[in-house]
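Source file: work_5.txt; contents: compact mmCIF, C-alpha atoms (C1' of nucleotides).
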# COMPACT_ATOMS: atom_id res chain seq x y z
CA MET G 1 0.00 0.00 0.00
CA PRO G 2 2.02 2.88 -1.31
CA ILE G 3 1.15 6.19 0.32
CA THR G 4 1.78 8.25 -2.80
CA SER G 5 1.47 6.37 -6.06
CA THR G 6 1.94 9.36 -8.30
CA SER G 7 4.24 7.30 -10.45
CA SER G 8 3.49 3.93 -11.97
CA ARG G 9 7.07 2.82 -11.81
CA ARG G 10 7.48 -0.89 -11.14
CA ILE G 11 9.03 -2.09 -7.88
CA GLY G 12 10.94 -5.35 -7.28
CA ALA G 13 9.54 -8.30 -5.38
CA ALA G 14 9.65 -8.09 -1.58
CA ASP G 15 11.24 -11.51 -1.25
CA SER G 16 14.06 -10.86 -3.69
CA LYS G 17 17.52 -11.90 -2.62
CA THR G 18 18.98 -8.73 -4.14
CA ARG G 19 16.61 -6.63 -2.13
CA GLU G 20 17.83 -8.25 1.06
CA ARG G 21 21.43 -7.60 0.13
CA LEU G 22 20.60 -3.92 -0.28
CA LEU G 23 18.87 -3.82 3.10
CA ASN G 24 21.86 -5.42 4.77
CA ALA G 25 24.27 -3.03 3.09
CA ALA G 26 22.14 -0.04 4.09
CA GLU G 27 21.97 -1.17 7.70
CA GLN G 28 25.70 -1.74 7.88
CA LEU G 29 26.43 1.64 6.34
CA LEU G 30 24.03 3.34 8.71
CA LEU G 31 25.75 1.85 11.73
CA GLU G 32 29.26 2.49 10.49
CA GLU G 33 28.95 5.96 9.06
CA GLY G 34 25.60 7.47 9.96
CA TYR G 35 22.49 8.19 7.98
CA ALA G 36 24.11 10.78 5.76
CA ALA G 37 26.29 8.02 4.33
CA VAL G 38 23.30 5.95 3.28
CA THR G 39 23.03 7.06 -0.34
CA SER G 40 21.89 4.99 -3.27
CA ARG G 41 25.40 4.90 -4.70
CA ARG G 42 27.13 3.89 -1.52
CA VAL G 43 24.56 1.28 -0.54
CA ALA G 44 24.84 -0.30 -3.95
CA ALA G 45 28.64 -0.23 -3.85
CA LYS G 46 28.63 -1.95 -0.46
CA ALA G 47 26.29 -4.62 -1.78
CA GLY G 48 28.34 -5.01 -4.96
CA LEU G 49 25.43 -3.93 -7.14
CA LYS G 50 24.51 -1.10 -9.47
CA PRO G 51 23.13 2.08 -7.86
CA GLN G 52 19.95 2.04 -9.88
CA LEU G 53 18.87 -1.19 -8.21
CA VAL G 54 18.25 0.69 -5.00
CA HIS G 55 15.50 2.62 -6.72
CA TYR G 56 14.15 -0.47 -8.35
CA TYR G 57 13.54 -2.15 -5.00
CA PHE G 58 12.71 0.99 -3.00
CA ARG G 59 10.68 3.80 -4.44
CA THR G 60 12.53 6.44 -2.43
CA MET G 61 15.43 6.50 0.00
CA ASP G 62 12.94 7.00 2.83
CA ASP G 63 11.30 3.73 1.90
CA LEU G 64 14.67 2.06 2.26
CA PHE G 65 15.24 3.65 5.66
CA LEU G 66 11.83 2.55 6.87
CA GLU G 67 12.43 -1.03 5.83
CA VAL G 68 15.78 -1.08 7.59
CA TYR G 69 14.13 0.28 10.70
CA ARG G 70 11.19 -2.11 10.67
CA ARG G 71 13.37 -5.19 10.41
CA ARG G 72 15.31 -4.24 13.53
CA ALA G 73 12.34 -2.95 15.50
CA ASP G 74 10.29 -6.07 14.87
CA GLU G 75 13.16 -8.25 15.91
CA SER G 76 13.92 -6.42 19.13
CA LEU G 77 10.26 -6.24 20.09
CA ALA G 78 10.01 -9.99 19.63
CA ARG G 79 13.16 -10.57 21.66
CA PHE G 80 11.74 -8.47 24.45
CA GLU G 81 8.46 -10.36 24.53
CA ARG G 82 10.27 -13.68 24.59
CA ALA G 83 12.60 -12.69 27.44
CA ILE G 84 9.81 -11.23 29.55
CA ALA G 85 7.59 -14.24 29.01
CA ALA G 86 10.40 -16.44 30.29
CA ASP G 87 11.15 -14.26 33.32
CA CYS G 88 9.25 -11.11 34.19
CA SER G 89 11.59 -9.29 36.55
CA LEU G 90 13.37 -5.99 36.92
CA HIS G 91 16.59 -7.84 36.39
CA THR G 92 15.53 -9.08 32.98
CA LEU G 93 14.23 -5.63 32.04
CA TRP G 94 17.48 -4.03 33.07
CA ARG G 95 19.54 -6.58 31.21
CA LEU G 96 17.53 -6.01 28.03
CA ASN G 97 17.73 -2.24 28.28
CA ALA G 98 21.37 -2.09 29.23
CA ASP G 99 22.29 -4.06 26.16
CA LEU G 100 24.07 -1.50 24.06
CA ARG G 101 23.64 -3.25 20.75
CA GLY G 102 21.43 -1.12 18.62
CA ALA G 103 22.18 2.07 20.54
CA SER G 104 23.88 3.88 17.68
CA PHE G 105 21.15 2.47 15.48
CA SER G 106 18.65 4.37 17.60
CA ILE G 107 20.74 7.52 17.60
CA GLU G 108 20.76 7.63 13.84
CA PHE G 109 17.06 7.03 13.50
CA VAL G 110 16.07 9.59 16.08
CA ALA G 111 18.22 12.13 14.28
CA LEU G 112 16.63 11.14 10.99
CA ALA G 113 13.17 11.24 12.51
CA ASN G 114 13.87 14.75 13.68
CA HIS G 115 13.32 16.05 10.19
CA ARG G 116 11.60 13.41 8.07
CA LYS G 117 7.92 13.18 8.79
CA ALA G 118 7.29 9.67 7.51
CA ILE G 119 10.14 8.27 9.54
CA ARG G 120 9.16 10.13 12.68
CA ALA G 121 5.67 8.65 12.57
CA GLU G 122 7.01 5.13 12.17
CA ILE G 123 9.50 5.48 15.02
CA ALA G 124 7.04 7.15 17.35
CA GLY G 125 4.61 4.33 16.70
CA TYR G 126 7.11 1.63 17.56
CA ALA G 127 8.39 3.56 20.57
CA GLU G 128 4.90 3.80 21.98
CA ARG G 129 4.21 0.11 21.52
CA PHE G 130 7.53 -0.63 23.15
CA ARG G 131 6.84 1.66 26.09
CA ALA G 132 3.42 0.09 26.66
CA ALA G 133 4.85 -3.43 26.62
CA GLN G 134 7.64 -2.45 28.99
CA LEU G 135 5.29 -0.62 31.32
CA GLU G 136 3.23 -3.75 31.73
CA ALA G 137 6.35 -5.73 32.54
CA VAL G 138 7.65 -3.15 35.04
CA SER G 139 4.31 -3.03 36.81
CA ALA G 140 4.18 -6.79 37.09
CA ALA G 141 7.77 -7.03 38.26
CA LEU G 142 7.42 -4.31 40.88
CA THR G 143 4.28 -5.92 42.23
CA ALA G 144 5.99 -9.30 42.37
CA ASP G 145 8.86 -7.68 44.25
CA GLY G 146 6.40 -6.37 46.81
CA LEU G 147 6.60 -2.69 45.90
CA SER G 148 3.41 -0.67 45.85
CA ALA G 149 2.83 1.86 43.10
CA ASP G 150 2.78 4.61 45.72
CA GLN G 151 6.46 4.22 46.51
CA ILE G 152 7.59 4.51 42.95
CA PRO G 153 5.10 4.56 40.08
CA PRO G 154 6.03 1.97 37.45
CA VAL G 155 6.04 4.54 34.70
CA VAL G 156 8.55 6.64 36.62
CA ALA G 157 10.85 3.68 37.12
CA LEU G 158 10.58 2.91 33.43
CA VAL G 159 11.32 6.42 32.20
CA LEU G 160 14.29 6.65 34.57
CA MET G 161 15.68 3.35 33.37
CA THR G 162 15.15 4.25 29.73
CA GLY G 163 16.93 7.54 30.22
CA LEU G 164 19.80 5.95 32.02
CA THR G 165 20.48 3.27 29.44
CA GLN G 166 20.12 5.85 26.71
CA VAL G 167 22.65 8.25 28.15
CA LEU G 168 25.07 5.41 28.78
CA ALA G 169 24.84 4.36 25.16
CA LEU G 170 25.10 7.86 23.78
CA GLU G 171 28.09 8.83 25.83
CA LYS G 172 29.84 5.58 25.13
CA ALA G 173 29.44 6.30 21.44
CA LEU G 174 31.15 9.62 22.06
CA GLY G 175 33.97 7.89 23.91
CA MET G 176 32.85 9.22 27.28
CA THR G 177 32.53 6.82 30.20
CA ALA G 178 32.97 8.97 33.31
CA GLY G 179 30.63 7.77 36.04
CA HIS G 180 29.22 4.87 34.02
CA GLU G 181 30.70 2.04 36.09
CA ALA G 182 29.56 3.57 39.36
CA THR G 183 26.03 4.15 38.11
CA ILE G 184 25.66 0.67 36.66
CA GLU G 185 26.85 -0.88 39.91
CA TYR G 186 24.48 1.28 41.90
CA VAL G 187 21.46 0.28 39.85
CA GLU G 188 22.37 -3.38 39.80
CA ARG G 189 22.86 -3.42 43.54
CA ALA G 190 19.48 -1.78 44.02
CA ILE G 191 17.79 -4.35 41.81
CA ALA G 192 19.61 -7.23 43.49
CA GLN G 193 18.36 -5.95 46.83
CA LEU G 194 14.78 -5.95 45.58
CA GLU G 195 15.14 -9.29 43.83
CA PRO G 196 17.56 -11.39 45.85
CA ARG G 197 16.47 -14.56 44.06
CA ARG G 198 19.08 -14.12 41.31
CA ALA G 199 22.54 -12.65 41.03
CA THR G 200 23.21 -9.77 38.67
CA SER G 201 26.38 -11.07 37.18
CA GLU G 202 26.23 -10.70 33.43
CA ARG G 203 26.36 -7.40 31.63
CA MET Y 1 45.46 27.18 13.89
CA PRO Y 2 44.38 24.97 11.02
CA ILE Y 3 44.94 21.30 11.63
CA THR Y 4 45.65 20.52 7.99
CA SER Y 5 46.95 23.43 6.00
CA THR Y 6 47.58 21.49 2.81
CA SER Y 7 46.06 24.35 0.86
CA SER Y 8 47.09 27.99 1.00
CA ARG Y 9 43.63 29.24 0.29
CA ARG Y 10 42.79 32.48 2.03
CA ILE Y 11 40.11 32.58 4.74
CA GLY Y 12 37.91 35.51 5.73
CA ALA Y 13 38.29 37.49 8.93
CA ALA Y 14 36.82 35.95 12.08
CA ASP Y 15 34.96 39.13 13.02
CA SER Y 16 33.29 39.61 9.67
CA LYS Y 17 29.62 40.44 9.72
CA THR Y 18 29.05 38.16 6.73
CA ARG Y 19 30.64 35.30 8.59
CA GLU Y 20 28.23 35.75 11.45
CA ARG Y 21 25.26 35.75 9.11
CA LEU Y 22 26.44 32.43 7.74
CA LEU Y 23 26.81 30.97 11.23
CA ASN Y 24 23.31 32.07 12.16
CA ALA Y 25 21.85 30.63 8.98
CA ALA Y 26 23.65 27.34 9.55
CA GLU Y 27 22.42 27.05 13.11
CA GLN Y 28 18.86 27.79 12.10
CA LEU Y 29 18.98 25.26 9.30
CA LEU Y 30 20.47 22.65 11.60
CA LEU Y 31 17.65 23.07 14.10
CA GLU Y 32 14.90 23.17 11.52
CA GLU Y 33 15.95 20.41 9.17
CA GLY Y 34 18.84 18.48 10.62
CA TYR Y 35 22.50 18.35 9.78
CA ALA Y 36 21.99 16.80 6.37
CA ALA Y 37 20.29 20.02 5.31
CA VAL Y 38 23.29 22.12 6.24
CA THR Y 39 24.97 22.39 2.85
CA SER Y 40 26.97 25.28 1.56
CA ARG Y 41 24.29 26.17 -0.93
CA ARG Y 42 21.39 26.07 1.48
CA VAL Y 43 23.22 27.95 4.20
CA ALA Y 44 24.09 30.68 1.75
CA ALA Y 45 20.55 30.85 0.41
CA LYS Y 46 19.18 31.22 3.93
CA ALA Y 47 21.66 34.01 4.61
CA GLY Y 48 20.90 35.67 1.29
CA LEU Y 49 24.48 35.22 0.10
CA LYS Y 50 26.39 33.38 -2.59
CA PRO Y 51 27.29 29.74 -1.85
CA GLN Y 52 30.98 30.25 -2.40
CA LEU Y 53 31.14 32.57 0.58
CA VAL Y 54 30.66 29.62 2.88
CA HIS Y 55 33.97 28.24 1.71
CA TYR Y 56 35.63 31.60 1.92
CA TYR Y 57 34.83 31.93 5.61
CA PHE Y 58 35.09 28.24 6.49
CA ARG Y 59 37.70 25.98 4.98
CA THR Y 60 35.43 22.94 5.13
CA MET Y 61 31.85 22.23 6.14
CA ASP Y 62 33.16 20.56 9.28
CA ASP Y 63 34.80 23.83 10.26
CA LEU Y 64 31.44 25.50 9.94
CA PHE Y 65 29.76 22.84 12.07
CA LEU Y 66 32.42 23.20 14.74
CA GLU Y 67 31.98 26.95 14.93
CA VAL Y 68 28.22 26.59 15.24
CA TYR Y 69 28.71 24.08 18.01
CA ARG Y 70 31.30 26.13 19.91
CA ARG Y 71 29.16 29.22 20.01
CA ARG Y 72 26.30 27.37 21.66
CA ALA Y 73 28.45 25.25 23.95
CA ASP Y 74 30.37 28.24 25.26
CA GLU Y 75 27.19 30.09 25.91
CA SER Y 76 25.45 27.27 27.77
CA LEU Y 77 28.55 26.52 29.83
CA ALA Y 78 28.70 30.17 30.85
CA ARG Y 79 25.00 30.19 31.70
CA PHE Y 80 25.49 27.12 33.87
CA GLU Y 81 28.41 28.66 35.77
CA ARG Y 82 26.47 31.84 36.37
CA ALA Y 83 23.38 30.05 37.66
CA ILE Y 84 25.34 27.77 39.96
CA ALA Y 85 27.40 30.60 41.34
CA ALA Y 86 24.17 32.38 42.25
CA ASP Y 87 22.55 29.33 43.84
CA CYS Y 88 24.26 25.96 44.14
CA SER Y 89 21.36 23.56 44.71
CA LEU Y 90 19.79 20.47 43.22
CA HIS Y 91 16.83 22.60 42.31
CA THR Y 92 18.95 24.90 40.15
CA LEU Y 93 20.71 21.94 38.57
CA TRP Y 94 17.44 20.30 37.73
CA ARG Y 95 15.99 23.47 36.32
CA LEU Y 96 19.01 23.95 34.07
CA ASN Y 97 18.99 20.36 32.87
CA ALA Y 98 15.27 20.13 32.36
CA ASP Y 99 15.33 23.11 30.07
CA LEU Y 100 14.57 21.61 26.71
CA ARG Y 101 16.00 24.40 24.60
CA GLY Y 102 18.93 23.04 22.70
CA ALA Y 103 17.78 19.45 22.91
CA SER Y 104 17.37 18.93 19.18
CA PHE Y 105 20.60 20.82 18.79
CA SER Y 106 22.29 18.11 20.84
CA ILE Y 107 20.56 15.34 18.95
CA GLU Y 108 21.92 16.57 15.66
CA PHE Y 109 25.43 17.00 16.94
CA VAL Y 110 25.60 13.62 18.59
CA ALA Y 111 24.45 12.05 15.36
CA LEU Y 112 27.03 14.06 13.46
CA ALA Y 113 29.73 13.17 15.96
CA ASN Y 114 28.86 9.55 15.49
CA HIS Y 115 30.73 9.55 12.21
CA ARG Y 116 32.92 12.64 11.94
CA LYS Y 117 36.07 12.33 13.97
CA ALA Y 118 36.89 16.03 14.35
CA ILE Y 119 33.40 16.80 15.57
CA ARG Y 120 33.31 13.86 17.94
CA ALA Y 121 36.51 15.04 19.64
CA GLU Y 122 35.16 18.54 20.09
CA ILE Y 123 31.85 17.38 21.51
CA ALA Y 124 33.43 14.83 23.80
CA GLY Y 125 35.75 17.53 25.12
CA TYR Y 126 32.91 19.89 25.94
CA ALA Y 127 30.80 17.10 27.39
CA GLU Y 128 33.57 16.14 29.75
CA ARG Y 129 34.13 19.69 30.92
CA PHE Y 130 30.41 20.04 31.43
CA ARG Y 131 30.19 16.81 33.40
CA ALA Y 132 33.09 17.84 35.63
CA ALA Y 133 31.53 21.21 36.36
CA GLN Y 134 28.16 19.65 37.08
CA LEU Y 135 29.66 16.96 39.26
CA GLU Y 136 31.25 19.57 41.46
CA ALA Y 137 27.91 21.33 41.78
CA VAL Y 138 26.00 18.13 42.56
CA SER Y 139 28.52 17.15 45.23
CA ALA Y 140 28.29 20.54 46.87
CA ALA Y 141 24.50 20.58 46.70
CA LEU Y 142 24.10 17.08 48.12
CA THR Y 143 26.46 17.89 50.97
CA ALA Y 144 24.57 21.11 51.69
CA ASP Y 145 21.34 19.11 51.74
CA GLY Y 146 22.85 16.80 54.35
CA LEU Y 147 23.19 13.73 52.16
CA SER Y 148 26.33 11.65 52.52
CA ALA Y 149 28.01 10.26 49.42
CA ASP Y 150 27.30 6.74 50.72
CA GLN Y 151 23.58 7.07 50.27
CA ILE Y 152 23.78 8.15 46.67
CA PRO Y 153 27.15 8.96 45.08
CA PRO Y 154 27.00 12.39 43.39
CA VAL Y 155 28.13 10.97 40.08
CA VAL Y 156 25.26 8.48 40.11
CA ALA Y 157 22.74 11.22 40.79
CA LEU Y 158 24.23 13.25 38.00
CA VAL Y 159 24.20 10.48 35.41
CA LEU Y 160 20.62 9.60 36.32
CA MET Y 161 19.51 13.19 35.99
CA THR Y 162 21.34 13.65 32.70
CA GLY Y 163 19.74 10.52 31.31
CA LEU Y 164 16.30 11.54 32.44
CA THR Y 165 16.40 15.01 30.94
CA GLN Y 166 17.85 13.57 27.77
CA VAL Y 167 15.14 10.98 27.27
CA LEU Y 168 12.47 13.56 28.00
CA ALA Y 169 13.87 15.84 25.32
CA LEU Y 170 14.35 13.10 22.78
CA GLU Y 171 10.90 11.64 23.16
CA LYS Y 172 9.30 15.04 23.12
CA ALA Y 173 11.02 15.67 19.80
CA LEU Y 174 9.41 12.47 18.56
CA GLY Y 175 6.01 13.60 19.79
CA MET Y 176 5.97 11.06 22.62
CA THR Y 177 5.11 12.24 26.12
CA ALA Y 178 3.75 9.17 27.89
CA GLY Y 179 4.93 9.13 31.49
CA HIS Y 180 6.73 12.46 31.28
CA GLU Y 181 4.44 14.44 33.57
CA ALA Y 182 4.48 11.77 36.24
CA THR Y 183 8.24 11.46 36.20
CA ILE Y 184 8.87 15.20 36.33
CA GLU Y 185 6.51 15.54 39.26
CA TYR Y 186 8.17 12.66 41.04
CA VAL Y 187 11.64 14.14 40.69
CA GLU Y 188 10.56 17.63 41.63
CA ARG Y 189 8.81 16.33 44.70
CA ALA Y 190 11.92 14.40 45.72
CA ILE Y 191 14.09 17.49 45.32
CA ALA Y 192 11.60 19.68 47.18
CA GLN Y 193 11.68 17.19 50.04
CA LEU Y 194 15.45 17.41 50.22
CA GLU Y 195 15.50 21.18 49.78
CA PRO Y 196 12.39 22.57 51.45
CA ARG Y 197 13.81 26.09 51.45
CA ARG Y 198 12.34 26.82 48.01
CA ALA Y 199 9.33 25.76 46.03
CA THR Y 200 9.72 23.99 42.71
CA SER Y 201 7.15 25.95 40.82
CA GLU Y 202 8.60 26.93 37.46
CA ARG Y 203 9.30 24.47 34.67
C1' DG P 1 10.48 -10.08 -12.86
C1' DT P 2 15.13 -8.00 -13.13
C1' DC P 3 18.32 -4.70 -14.28
C1' DT P 4 20.60 -0.58 -17.16
C1' DA P 5 21.10 3.85 -19.68
C1' DT P 6 20.44 8.24 -18.74
C1' DA P 7 18.51 12.90 -17.06
C1' DC P 8 19.10 16.39 -14.27
C1' DT P 9 20.07 18.40 -9.56
C1' DT P 10 23.03 19.53 -5.92
C1' DC P 11 27.27 18.82 -3.56
C1' DG P 12 32.12 20.55 -1.63
C1' DA P 13 35.95 22.92 -2.90
C1' DT P 14 39.49 25.98 -5.34
C1' DA P 15 41.79 29.41 -8.20
C1' DG P 16 41.69 33.77 -9.44
C1' DA P 17 39.18 38.48 -10.20
C1' DC P 18 38.12 42.69 -7.84
C1' DG K 1 40.18 41.80 2.66
C1' DT K 2 36.05 40.25 0.00
C1' DC K 3 33.72 37.81 -3.33
C1' DT K 4 32.86 35.09 -8.10
C1' DA K 5 33.50 31.81 -12.01
C1' DT K 6 33.89 27.25 -12.46
C1' DC K 7 35.21 22.17 -11.84
C1' DG K 8 34.56 17.40 -11.03
C1' DA K 9 32.19 14.28 -8.11
C1' DA K 10 28.09 12.52 -6.12
C1' DG K 11 23.06 12.74 -5.27
C1' DT K 12 17.94 10.95 -6.41
C1' DA K 13 14.96 9.25 -9.56
C1' DT K 14 12.78 7.49 -14.07
C1' DA K 15 11.94 5.38 -18.54
C1' DG K 16 12.87 1.70 -21.06
C1' DA K 17 15.76 -2.61 -22.47
C1' DC K 18 16.25 -7.41 -21.49
Once more with this new file: its structure as structure tokens, please.
Amino acid sequence: MPITSTSSRRIGAADSKTRERLLNAAEQLLLEEGYAAVTSRRVAAKAGLKPQLVHYYFRTMDDLFLEVYRRRADESLARFERAIAADCSLHTLWRLNADLRGASFSIEFVALANHRKAIRAEIAGYAERFRAAQLEAVSAALTADGLSADQIPPVVALVLMTGLTQVLALEKALGMTAGHEATIEYVERAIAQLEPRRATSER
Amino acid sequence: MPITSTSSRRIGAADSKTRERLLNAAEQLLLEEGYAAVTSRRVAAKAGLKPQLVHYYFRTMDDLFLEVYRRRADESLARFERAIAADCSLHTLWRLNADLRGASFSIEFVALANHRKAIRAEIAGYAERFRAAQLEAVSAALTADGLSADQIPPVVALVLMTGLTQVLALEKALGMTAGHEATIEYVERAIAQLEPRRATSER
DNA sequence: GTCTATACTTCGATAGAC
DNA sequence: GTCTATCGAAGTATAGAC
């Protein structure tokens, strides 16, 4: 369902192997060099294909960006649901959030979203679904840990945790790590105190 | 002091009025449309000047970006020092951090820094100076409020606050505000409890 | 269904004119 | 000291050949 079908140009099949190669190349380029480096020519070069193929499989560059984003978002949402279904605890939530993979991915997309309407809508939509799913998990975990919502509202705990993991990722990308160790230890100790049933060893 | 002076091309005076117009246009463009929109041609058009003037006053586009960044960073560092000198408290720190002006500015520059070495170094440098200055202020404020560093280490409080204000700004830029009100109220209430000497009314 | 030839726009940067 | 004429490279996108 194309939003604007002003043109009747033909588009390649969604299950094409070539298309997937282009998506992979675009994602890699995005992570390595930022969204400004994701151009039709460079994506094609990375995939070992001709530049025009990008526009055969994706009507516009924004379409390409959206597909790259959706793949990752769907996957990480699924991973979250799986992990929480297996063990709904603050510890699991923290572990999932503190995972820095995909942090620079987010940075790039938020920056992109800042000035491309179609992309902003897509990201905001996913972010809201993600927040809702996480809020449910935090609420359940806090209740299980014997904390009433009066002491710390679940949504507050969630926003704080989200902010923390975000700033850690962002600063690490900049090469800044002052205070990170201390903060991570502090949070993990706090969680371990609330949930003594498991050690917080991995990171 | 040019880092690479491979060329002997002449550069315009630093106090030129034209140069300032270009800087203003670049900053405006950056905020409105993101760093990818900051091209020599568009900057010049916004300033009502010829595109070549950008390269007369700035050797490369990165030089232009750096100047735009420095102006803002210097100003906000100075504003911080002034405010803290007048009143060194958690309340003042929170008020300064929660100010969302300049949030999208930061987003763009972090994204830029993610893949331009010269810019990353500059931003990381400022960020570290800023963190050091803030850490000093948090330590002093916590001590004044009668909190020992064992209860919550100043650096932990600082990183948490930085993360929180960052996520609030980022999500607001995306048009997402779920949980923001509740979290802001929670933090302001906590600070007011620690520092009853003043109300936390403004935002 | 898959890919290529090609149009046309915009980019950063420099050498040289005033 | 200030600005302009101009270059070569890179950008998105489309129409049409296989």
Mind checking which residues fall within 10 Å of range 7-16 of chain K, counting only C-alpha atoms (C1' of nucleotides), ignoring those fewer than 3 positions away in the same chain, and posting them as a PDB file with C-alpha atoms (C1' of nucleotides), in the coordinates of the input?
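Writing done, so here's selection.pdb:
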ATOM      1  CA  SER G   7       4.240   7.300 -10.450  1.00  0.00           C
ATOM      2  CA  ARG G   9       7.070   2.820 -11.810  1.00  0.00           C
ATOM      3  CA  THR G  39      23.030   7.060  -0.340  1.00  0.00           C
ATOM      4  CA  SER G  40      21.890   4.990  -3.270  1.00  0.00           C
ATOM      5  CA  ARG G  41      25.400   4.900  -4.700  1.00  0.00           C
ATOM      6  CA  ARG G  42      27.130   3.890  -1.520  1.00  0.00           C
ATOM      7  CA  GLN G  52      19.950   2.040  -9.880  1.00  0.00           C
ATOM      8  CA  HIS G  55      15.500   2.620  -6.720  1.00  0.00           C
ATOM      9  CA  TYR G  56      14.150  -0.470  -8.350  1.00  0.00           C
ATOM     10  CA  ARG G  59      10.680   3.800  -4.440  1.00  0.00           C
ATOM     11  CA  THR G  60      12.530   6.440  -2.430  1.00  0.00           C
ATOM     12  CA  MET G  61      15.430   6.500   0.000  1.00  0.00           C
TER      13      MET G  61
ATOM     14  C1'  DT P   4      20.600  -0.580 -17.160  1.00  0.00           C
ATOM     15  C1'  DA P   5      21.100   3.850 -19.680  1.00  0.00           C
ATOM     16  C1'  DT P   6      20.440   8.240 -18.740  1.00  0.00           C
ATOM     17  C1'  DA P   7      18.510  12.900 -17.060  1.00  0.00           C
ATOM     18  C1'  DC P   8      19.100  16.390 -14.270  1.00  0.00           C
ATOM     19  C1'  DT P   9      20.070  18.400  -9.560  1.00  0.00           C
ATOM     20  C1'  DT P  10      23.030  19.530  -5.920  1.00  0.00           C
ATOM     21  C1'  DC P  11      27.270  18.820  -3.560  1.00  0.00           C
ATOM     22  C1'  DG P  12      32.120  20.550  -1.630  1.00  0.00           C
ATOM     23  C1'  DA P  13      35.950  22.920  -2.900  1.00  0.00           C
ATOM     24  C1'  DT P  14      39.490  25.980  -5.340  1.00  0.00           C
TER      25       DT P  14
END
For CA of Val68 in chain Y and CA of Glu27 in chain Y, the interatomic separation in Å (one decimal): 6.2 Å
Give me, as a short mmCIF file (atom, residue, chain, number, x, y, z; two decimals) with C-alpha atoms, in the coordinates of the input, the residues of chain G touching chain P, with the criterion being at most 8 Å (counting all atoms listed in the file).
data_model
loop_
_atom_site.label_atom_id
_atom_site.label_comp_id
_atom_site.auth_asym_id
_atom_site.auth_seq_id
_atom_site.Cartn_x
_atom_site.Cartn_y
_atom_site.Cartn_z
CA GLY G 12 10.94 -5.35 -7.28
CA ALA G 13 9.54 -8.30 -5.38
CA GLN G 52 19.95 2.04 -9.88
CA LEU G 53 18.87 -1.19 -8.21
#
Separation of CA of His180 in chain Y and CA of Gln134 in chain G, in Å? 15.1 Å
Any idea what the distance is between CA of Glu75 in chain G and CA of Lys17 in chain G?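 Computing the Euclidean distance for CA of Glu75 in chain G and CA of Lys17 in chain G yields 19.4 Å.
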From the set G:Arg129, G:His115, G:Arg95, G:Lys172, which residue has the shortest atom-to-atom contact distance to chain Y, counting all atoms listed in the file?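 With all atoms listed in the file as the atom set, the closest residue is G:His115.
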Within 9 Å of chain Y: residues of chain G, using all atoms listed in the file, as JSON, numbers by chain: {"G": [32, 33, 34, 35, 36, 104, 107, 108, 110, 111, 112, 113, 114, 115, 116, 120, 121, 123, 124, 127, 128, 131, 152, 153, 155, 156, 157, 158, 159, 160, 161, 162, 163, 164, 165, 166, 167, 168, 170, 171, 173, 174, 175, 176, 178, 179, 180, 182, 183, 184, 186]}
The selected residues should be written to file as a short mmCIF file (atom, residue, chain, number, x, y, z; two decimals), in the coordinates of the input (atoms: C-alpha atoms).
data_model
loop_
_atom_site.label_atom_id
_atom_site.label_comp_id
_atom_site.auth_asym_id
_atom_site.auth_seq_id
_atom_site.Cartn_x
_atom_site.Cartn_y
_atom_site.Cartn_z
CA GLU G 32 29.26 2.49 10.49
CA GLU G 33 28.95 5.96 9.06
CA GLY G 34 25.60 7.47 9.96
CA TYR G 35 22.49 8.19 7.98
CA ALA G 36 24.11 10.78 5.76
CA SER G 104 23.88 3.88 17.68
CA ILE G 107 20.74 7.52 17.60
CA GLU G 108 20.76 7.63 13.84
CA VAL G 110 16.07 9.59 16.08
CA ALA G 111 18.22 12.13 14.28
CA LEU G 112 16.63 11.14 10.99
CA ALA G 113 13.17 11.24 12.51
CA ASN G 114 13.87 14.75 13.68
CA HIS G 115 13.32 16.05 10.19
CA ARG G 116 11.60 13.41 8.07
CA ARG G 120 9.16 10.13 12.68
CA ALA G 121 5.67 8.65 12.57
CA ILE G 123 9.50 5.48 15.02
CA ALA G 124 7.04 7.15 17.35
CA ALA G 127 8.39 3.56 20.57
CA GLU G 128 4.90 3.80 21.98
CA ARG G 131 6.84 1.66 26.09
CA ILE G 152 7.59 4.51 42.95
CA PRO G 153 5.10 4.56 40.08
CA VAL G 155 6.04 4.54 34.70
CA VAL G 156 8.55 6.64 36.62
CA ALA G 157 10.85 3.68 37.12
CA LEU G 158 10.58 2.91 33.43
CA VAL G 159 11.32 6.42 32.20
CA LEU G 160 14.29 6.65 34.57
CA MET G 161 15.68 3.35 33.37
CA THR G 162 15.15 4.25 29.73
CA GLY G 163 16.93 7.54 30.22
CA LEU G 164 19.80 5.95 32.02
CA THR G 165 20.48 3.27 29.44
CA GLN G 166 20.12 5.85 26.71
CA VAL G 167 22.65 8.25 28.15
CA LEU G 168 25.07 5.41 28.78
CA LEU G 170 25.10 7.86 23.78
CA GLU G 171 28.09 8.83 25.83
CA ALA G 173 29.44 6.30 21.44
CA LEU G 174 31.15 9.62 22.06
CA GLY G 175 33.97 7.89 23.91
CA MET G 176 32.85 9.22 27.28
CA ALA G 178 32.97 8.97 33.31
CA GLY G 179 30.63 7.77 36.04
CA HIS G 180 29.22 4.87 34.02
CA ALA G 182 29.56 3.57 39.36
CA THR G 183 26.03 4.15 38.11
CA ILE G 184 25.66 0.67 36.66
CA TYR G 186 24.48 1.28 41.90
#
